[in-house]
$ cat my_file.txt   # compact mmCIF, C-alpha atoms
# COMPACT_ATOMS: atom_id res chain seq x y z
CA MET R 7 -2.38 3.84 -10.92
CA LEU R 8 -3.87 1.94 -8.05
CA HIS R 9 -6.10 -1.11 -8.28
CA PHE R 10 -9.28 0.74 -7.33
CA GLN R 11 -8.76 3.09 -10.28
CA THR R 12 -8.96 0.18 -12.71
CA TYR R 13 -12.07 -1.04 -10.93
CA TYR R 14 -13.95 2.27 -10.81
CA THR R 15 -12.79 3.47 -14.22
CA PRO R 16 -13.51 0.70 -16.70
CA GLY R 17 -11.48 1.08 -19.86
CA VAL R 18 -8.68 3.12 -18.28
CA VAL R 19 -6.03 0.45 -18.94
CA LYS R 20 -7.07 0.13 -22.57
CA TYR R 21 -6.98 3.93 -22.95
CA LEU R 22 -3.52 4.18 -21.39
CA GLN R 23 -2.21 1.43 -23.65
CA GLN R 24 -3.77 2.82 -26.85
CA ASN R 25 -2.40 6.29 -26.13
CA ASN R 26 1.02 5.08 -24.95
CA VAL R 27 0.67 6.97 -21.67
CA LYS R 28 3.53 6.59 -19.20
CA THR R 29 1.95 5.03 -16.15
CA LEU R 30 3.08 4.77 -12.57
CA VAL R 31 1.71 1.66 -10.89
CA LEU R 32 1.75 1.75 -7.08
CA ILE R 33 1.78 -1.54 -5.19
CA ARG R 34 2.44 -2.29 -1.54
CA LYS R 35 4.51 -5.46 -1.17
CA ASN R 36 3.77 -5.90 2.51
CA VAL R 37 0.23 -7.20 2.33
CA LEU R 38 -0.05 -7.35 6.12
CA ARG R 39 0.85 -3.68 6.56
CA ASN R 40 -1.47 -2.74 3.70
CA THR R 41 -4.30 -4.64 5.35
CA LEU R 42 -3.67 -3.23 8.82
CA SER R 43 -3.42 0.29 7.44
CA ASP R 44 -6.73 -0.13 5.64
CA LEU R 45 -8.47 -1.68 8.65
CA ARG R 46 -7.17 1.02 11.00
CA ALA R 47 -8.10 3.84 8.62
CA ARG R 48 -11.62 2.50 8.26
CA SER R 49 -11.88 2.16 12.02
CA THR R 50 -10.48 5.61 12.92
CA LYS R 51 -11.49 7.50 9.76
CA VAL R 52 -7.92 8.88 9.65
CA TYR R 53 -6.25 8.04 6.35
CA HIS R 54 -3.18 10.30 6.15
CA ASN R 55 -0.99 12.45 8.33
CA GLU R 56 -0.73 15.36 5.93
CA ALA R 57 0.58 17.78 8.52
CA GLY R 58 3.46 15.42 9.23
CA ASN R 59 2.61 15.58 12.94
CA LYS R 60 3.54 12.34 14.67
CA ASN R 61 3.17 13.78 18.16
CA ALA R 62 -0.28 12.37 18.80
CA PRO R 63 0.05 8.58 18.95
CA ILE R 64 -2.76 6.56 17.49
CA PRO R 65 -4.15 4.09 20.02
CA LYS R 66 -3.75 0.36 19.49
CA PHE R 67 -6.62 -1.43 17.86
CA ASN R 68 -7.99 -4.96 17.87
CA VAL R 69 -7.93 -6.91 14.62
CA ASN R 70 -10.61 -9.41 13.72
CA ILE R 71 -8.63 -12.44 12.52
CA GLU R 72 -11.24 -13.56 9.98
CA GLU R 73 -11.37 -10.08 8.49
CA LEU R 74 -7.57 -9.89 8.47
CA GLY R 75 -7.25 -13.15 6.51
CA ARG R 76 -9.97 -12.24 4.04
CA LYS R 77 -8.56 -8.76 3.45
CA MET R 78 -4.96 -9.98 3.06
CA LYS R 79 -6.03 -12.47 0.38
CA GLN R 80 -8.09 -9.79 -1.33
CA ILE R 81 -5.22 -7.29 -1.40
CA ALA R 82 -2.73 -9.92 -2.64
CA GLY R 83 -5.19 -10.71 -5.44
CA PHE R 84 -5.59 -7.02 -6.27
CA ASN R 85 -1.81 -6.64 -6.49
CA LYS R 86 -1.46 -9.57 -8.89
CA GLN R 87 -4.37 -8.31 -10.98
CA LEU R 88 -2.91 -4.80 -11.20
CA GLU R 89 0.50 -6.13 -12.25
CA ASN R 90 -1.11 -8.35 -14.85
CA ASP R 91 -3.56 -5.72 -16.16
CA SER R 92 -0.78 -3.16 -16.56
CA LYS R 93 1.87 -5.45 -18.11
CA ASN R 94 1.35 -4.08 -21.63
CA LEU R 95 1.56 -0.44 -20.55
CA ASP R 96 4.57 1.85 -20.65
CA ARG R 97 4.77 1.53 -16.90
CA LYS R 98 7.01 1.84 -13.91
CA ILE R 99 6.00 -0.24 -10.93
CA ILE R 100 6.64 1.61 -7.71
CA TYR R 101 6.44 -0.15 -4.41
CA TYR R 102 5.12 1.76 -1.41
CA GLU R 103 8.12 0.52 0.53
CA ASP R 104 10.45 2.29 -1.94
CA PHE R 105 9.40 5.60 -0.44
CA GLU R 106 11.45 4.81 2.67
CA ASN R 107 14.27 6.25 0.55
CA TRP R 108 12.29 9.23 -0.71
CA ASP R 109 14.94 10.94 -2.84
CA VAL R 110 15.88 7.75 -4.71
CA ALA R 111 12.24 6.80 -5.30
CA ILE R 112 11.31 10.26 -6.57
CA GLY R 113 14.47 10.41 -8.71
CA GLY R 114 13.49 7.13 -10.39
CA ILE R 115 9.96 8.34 -11.01
CA LEU R 116 11.09 11.66 -12.47
CA ALA R 117 13.63 9.89 -14.70
CA PHE R 118 10.92 7.53 -15.98
CA LEU R 119 8.70 10.51 -16.75
CA ASP R 120 11.58 12.39 -18.42
CA VAL R 121 11.11 15.23 -15.95
CA GLU R 122 13.94 17.27 -14.44
CA ASN R 123 14.97 15.86 -11.08
CA ILE R 124 14.04 18.62 -8.67
CA PRO R 125 13.82 18.38 -4.89
CA LEU R 126 10.34 17.41 -3.76
CA GLN R 127 9.19 17.34 -0.15
CA VAL R 128 7.19 14.56 1.42
CA ALA R 129 3.50 15.50 1.53
CA SER R 130 2.38 13.01 4.18
CA LYS R 131 3.87 10.73 6.80
CA LYS R 132 3.05 7.22 7.94
CA LEU R 133 0.58 7.01 10.76
CA ASN R 134 1.16 3.46 11.93
CA PRO R 135 3.97 2.51 14.30
CA GLU R 136 6.87 0.44 12.98
CA LYS R 137 6.40 -2.34 15.54
CA LEU R 138 3.25 -4.39 15.23
CA GLU R 139 3.20 -4.78 19.01
CA ASP R 140 2.71 -1.02 19.26
CA MET R 141 -0.21 -1.11 16.83
CA LEU R 142 -2.24 -4.17 17.78
CA GLU R 143 -4.08 -4.91 21.00
CA ASN R 144 -4.18 -8.59 20.04
CA TYR R 145 -0.65 -8.84 18.65
CA THR R 146 -0.05 -12.34 20.10
CA GLU R 147 -3.21 -13.68 18.42
CA VAL R 148 -2.35 -12.00 15.11
CA ALA R 149 1.26 -13.23 15.20
CA ALA R 150 0.12 -16.80 15.88
CA TRP R 151 -2.35 -16.63 12.97
CA LEU R 152 0.32 -15.21 10.63
CA ASN R 153 2.73 -18.03 11.59
CA GLU R 154 0.06 -20.70 11.15
CA ASN R 155 -1.03 -19.39 7.74
CA GLY R 156 2.29 -18.86 5.97
CA TYR R 157 2.59 -15.12 6.55
CA SER R 158 5.44 -15.16 9.09
CA LYS R 159 7.62 -13.12 6.70
CA TYR R 160 5.51 -10.09 7.60
CA LEU R 161 6.30 -10.23 11.31
CA ASP R 162 8.81 -7.65 12.61
$ encode --input "my_file.txt" --output "C-alpha cells"
Amino acid sequence: MLHFQTYYTPGVVKYLQQNNVKTLVLIRKNVLRNTLSDLRARSTKVYHNEAGNKNAPIPKFNVNIEELGRKMKQIAGFNKQLENDSKNLDRKIIYYEDFENWDVAIGGILAFLDVENIPLQVASKKLNPEKLEDMLENYTEVAAWLNENGYSKYLD
C-alpha cells in the first residue's frame, strides 16, 4: 500500500482492517531522494527502468528550491499519515531502501505473507545516480538549502 492508494480509494484501510488482510506498506525514508525522483520523473516522463538498462545516463536537471521544500514537506506528511492510517492493520512496513538488499527484503515479505521463499528477480532498476552531484545541475544551491533547513542528513 502506498499513500496515493489510500487517497484515491476511500475506505480501503477500513476494508483491509475489517477483513484482516495482510498488508504491505511501502515507505521511502529518504524524503529528499523520494522528492527528487518524483520531480525528475515528472520532468522527463520516465518513471522506471524496467529493462534494467543503465547504459543511457539521464541528464542532470535543475531543481526549483521552493518546489523542493514544498514537496519534501508534503511527502514527509504523507509518510506519517500512511504509517498512522495503517497502524491497526495486519501490516509489514517495508522501506524502499530495504530493497538495496533484495534477497533479504523479499525473504521478509514472503515470510510475512506465509509464502514459500522462492528466488525472485528484480523487475526494475533505479534510474537516478547515487551521487546528488551527478543528478542536479544546481547541486550547490540544493545542498546549501538542505543544510539551512535541517535536511543535511540527506546529503551524500
$ atom_distance --input "my_file.txt" --atom1 "atom CA of Glu154 of chain R" --atom2 "atom CA of Asn134 of chain R"
24.2 Å
$ atom_distance --input "my_file.txt" --atom1 "atom CA of Leu142 of chain R" --atom2 "atom CA of Asn68 of chain R"
5.8 Å
$ atom_distance --input "my_file.txt" --atom1 "atom CA of Glu136 of chain R" --atom2 "atom CA of Asn85 of chain R"
22.5 Å
$ closest_residue --input "my_file.txt" --among "R:Lys132, R:Lys159, R:His9, R:Arg46" --to "Leu74 of chain R" --atoms "all atoms listed in the file"
R:Arg46
$ closest_residue --input "my_file.txt" --among "R:Asn94, R:Lys79, R:Val19, R:Asn36" --to "Asn155 of chain R" --atoms "only C-alpha atoms"
R:Lys79
$ closest_atom_pairs --input "my_file.txt" --of "segment 50-161 of chain R" --to "segment 39-45 of chain R" --cutoff "9 Å" --atoms "all atoms listed in the file" --output "Markdown table"
| residue | atom | partner | partner_atom | distance |
| --- | --- | --- | --- | --- |
| R:Thr50 | CA | R:Leu45 | CA | 8.7 |
| R:Tyr53 | CA | R:Asp44 | CA | 8.2 |
| R:Val69 | CA | R:Leu45 | CA | 8.0 |
| R:Glu73 | CA | R:Leu45 | CA | 8.9 |
| R:Leu74 | CA | R:Thr41 | CA | 6.9 |
| R:Lys77 | CA | R:Thr41 | CA | 6.2 |
| R:Met78 | CA | R:Thr41 | CA | 5.8 |
| R:Ile81 | CA | R:Thr41 | CA | 7.3 |
| R:Leu133 | CA | R:Ser43 | CA | 8.5 |
| R:Asn134 | CA | R:Ser43 | CA | 7.2 |
| R:Met141 | CA | R:Leu42 | CA | 9.0 |
| R:Tyr160 | CA | R:Arg39 | CA | 8.0 |
$ residues_around --input "my_file.txt" --residues "Leu32 of chain R" --least-positions-apart "4" --cutoff "9 Å" --atoms "all atoms listed in the file" --output "JSON list (two decimals) with C-alpha atoms, keeping the file's coordinate frame"
[["chain", "number", "residue", "atom", "x", "y", "z"],
["R", 7, "MET", "CA", -2.38, 3.84, -10.92],
["R", 8, "LEU", "CA", -3.87, 1.94, -8.05],
["R", 9, "HIS", "CA", -6.10, -1.11, -8.28],
["R", 98, "LYS", "CA", 7.01, 1.84, -13.91],
["R", 99, "ILE", "CA", 6.00, -0.24, -10.93],
["R", 100, "ILE", "CA", 6.64, 1.61, -7.71],
["R", 101, "TYR", "CA", 6.44, -0.15, -4.41],
["R", 102, "TYR", "CA", 5.12, 1.76, -1.41]]
